[in-house]
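**Student:** Supplied in structure tokens, the structure appears directly below.
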Amino acid sequence: MNTTFPTVSIDVVLERRSAKEVLHAILHSILFHRLFGTVKPQTFEVLDVTMPGVADSEMEQLVNEKVDAFWKGIESGTNKRGQILVTFSEKKPKKSWFQVYVGEEDVPWEQWIVNAELRQPKSDRDRQEFTNTLSATLTKALQVMLTHTSSEEGRTAVPLITNATGISPFPVRITVKVDGVEVG
């Protein structure tokens, strides 16, 4: 069984005012590029960058819950760094020692890691510079998404789609870690 799968990292330094909005847009953009069902598109305008998203109440709720969990973890901790991991898996038959079918298991085929750090600008000038840098980071994140999903590695990572019902034929799991500990 293949246990290695592509991992894509996006590093972002956030400012308190726009942190939730930025994380929301990044997660939506990842989902937009990796959900293979019928996706109703939407866009998010974040710091003058247009980010694609998915107009689906279930995905919207999942993203909101995970961004809120990240925010609560960052707010209550001393370390202002954390990760949001988006893992795409496929269902495969799980077998016991003697090759007896014992149900299904989720086998990851790709993972996206959003490394986020919260910083507070010290002045208005500092805030403007911070905003410009964050805007450039969002643009770069979109380029990373497009480059990866259209690359040979990104295309071959996607398993054969055998069940095309719903918004995603594959299980999607979003995990939040602050100080290396899973929260929410």
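In the structure tokens, the first chain shown is A, the next is B, and so on; residue numbers restart at 1 for each chain, and ligands run from 1 in the order shown.
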Excluding Leu27 (chain A) and residues on its chain fewer than 2 positions from it, collect all residues at most 9 Å away from it, counting only C-alpha atoms, and give them as a ChimeraX atom specification.

**Tutor:** /A:22-25,29-32,53,63,67,84,86,114

**Student:** As number ranges by chain, please: all residues of chain A that backbone DSSP puts in strand (DSSP E or B).

**Tutor:** A: 7-15, 41-46, 49-54, 81-95, 101-119, 172-178, 181-183

**Student:** What lies within 12 Å of Val144 (chain A) using only C-alpha atoms, ignoring chain neighbours under 2 positions off, as a PyMOL selection string?

**Tutor:** chain A and resi 7-11+26+29-30+33+112+114+137-142+146-151+154

**Student:** Using only C-alpha atoms, can you tell me which of A:Glu75, A:Glu129, A:Asp68, A:Glu105 comes closest to Lys20 (chain A)?

**Tutor:**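 Closest to Lys20 (chain A) of all the choices is A:Asp68.
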
**Student:** So which bits of region 32-86 of chain A end up helix (DSSP H, G or I) when you DSSP the backbone, as a list of chain:residue names?

**Tutor:**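 In region 32-86 of chain A, DSSP puts these residues in helix (DSSP H, G or I): A:Phe32, A:His33, A:Arg34, A:Ser57, A:Glu58, A:Met59, A:Glu60, A:Gln61, A:Leu62, A:Val63, A:Asn64, A:Glu65, A:Lys66, A:Val67, A:Asp68, A:Ala69, A:Phe70, A:Trp71, A:Lys72, A:Gly73, A:Ile74, A:Glu75, A:Ser76.
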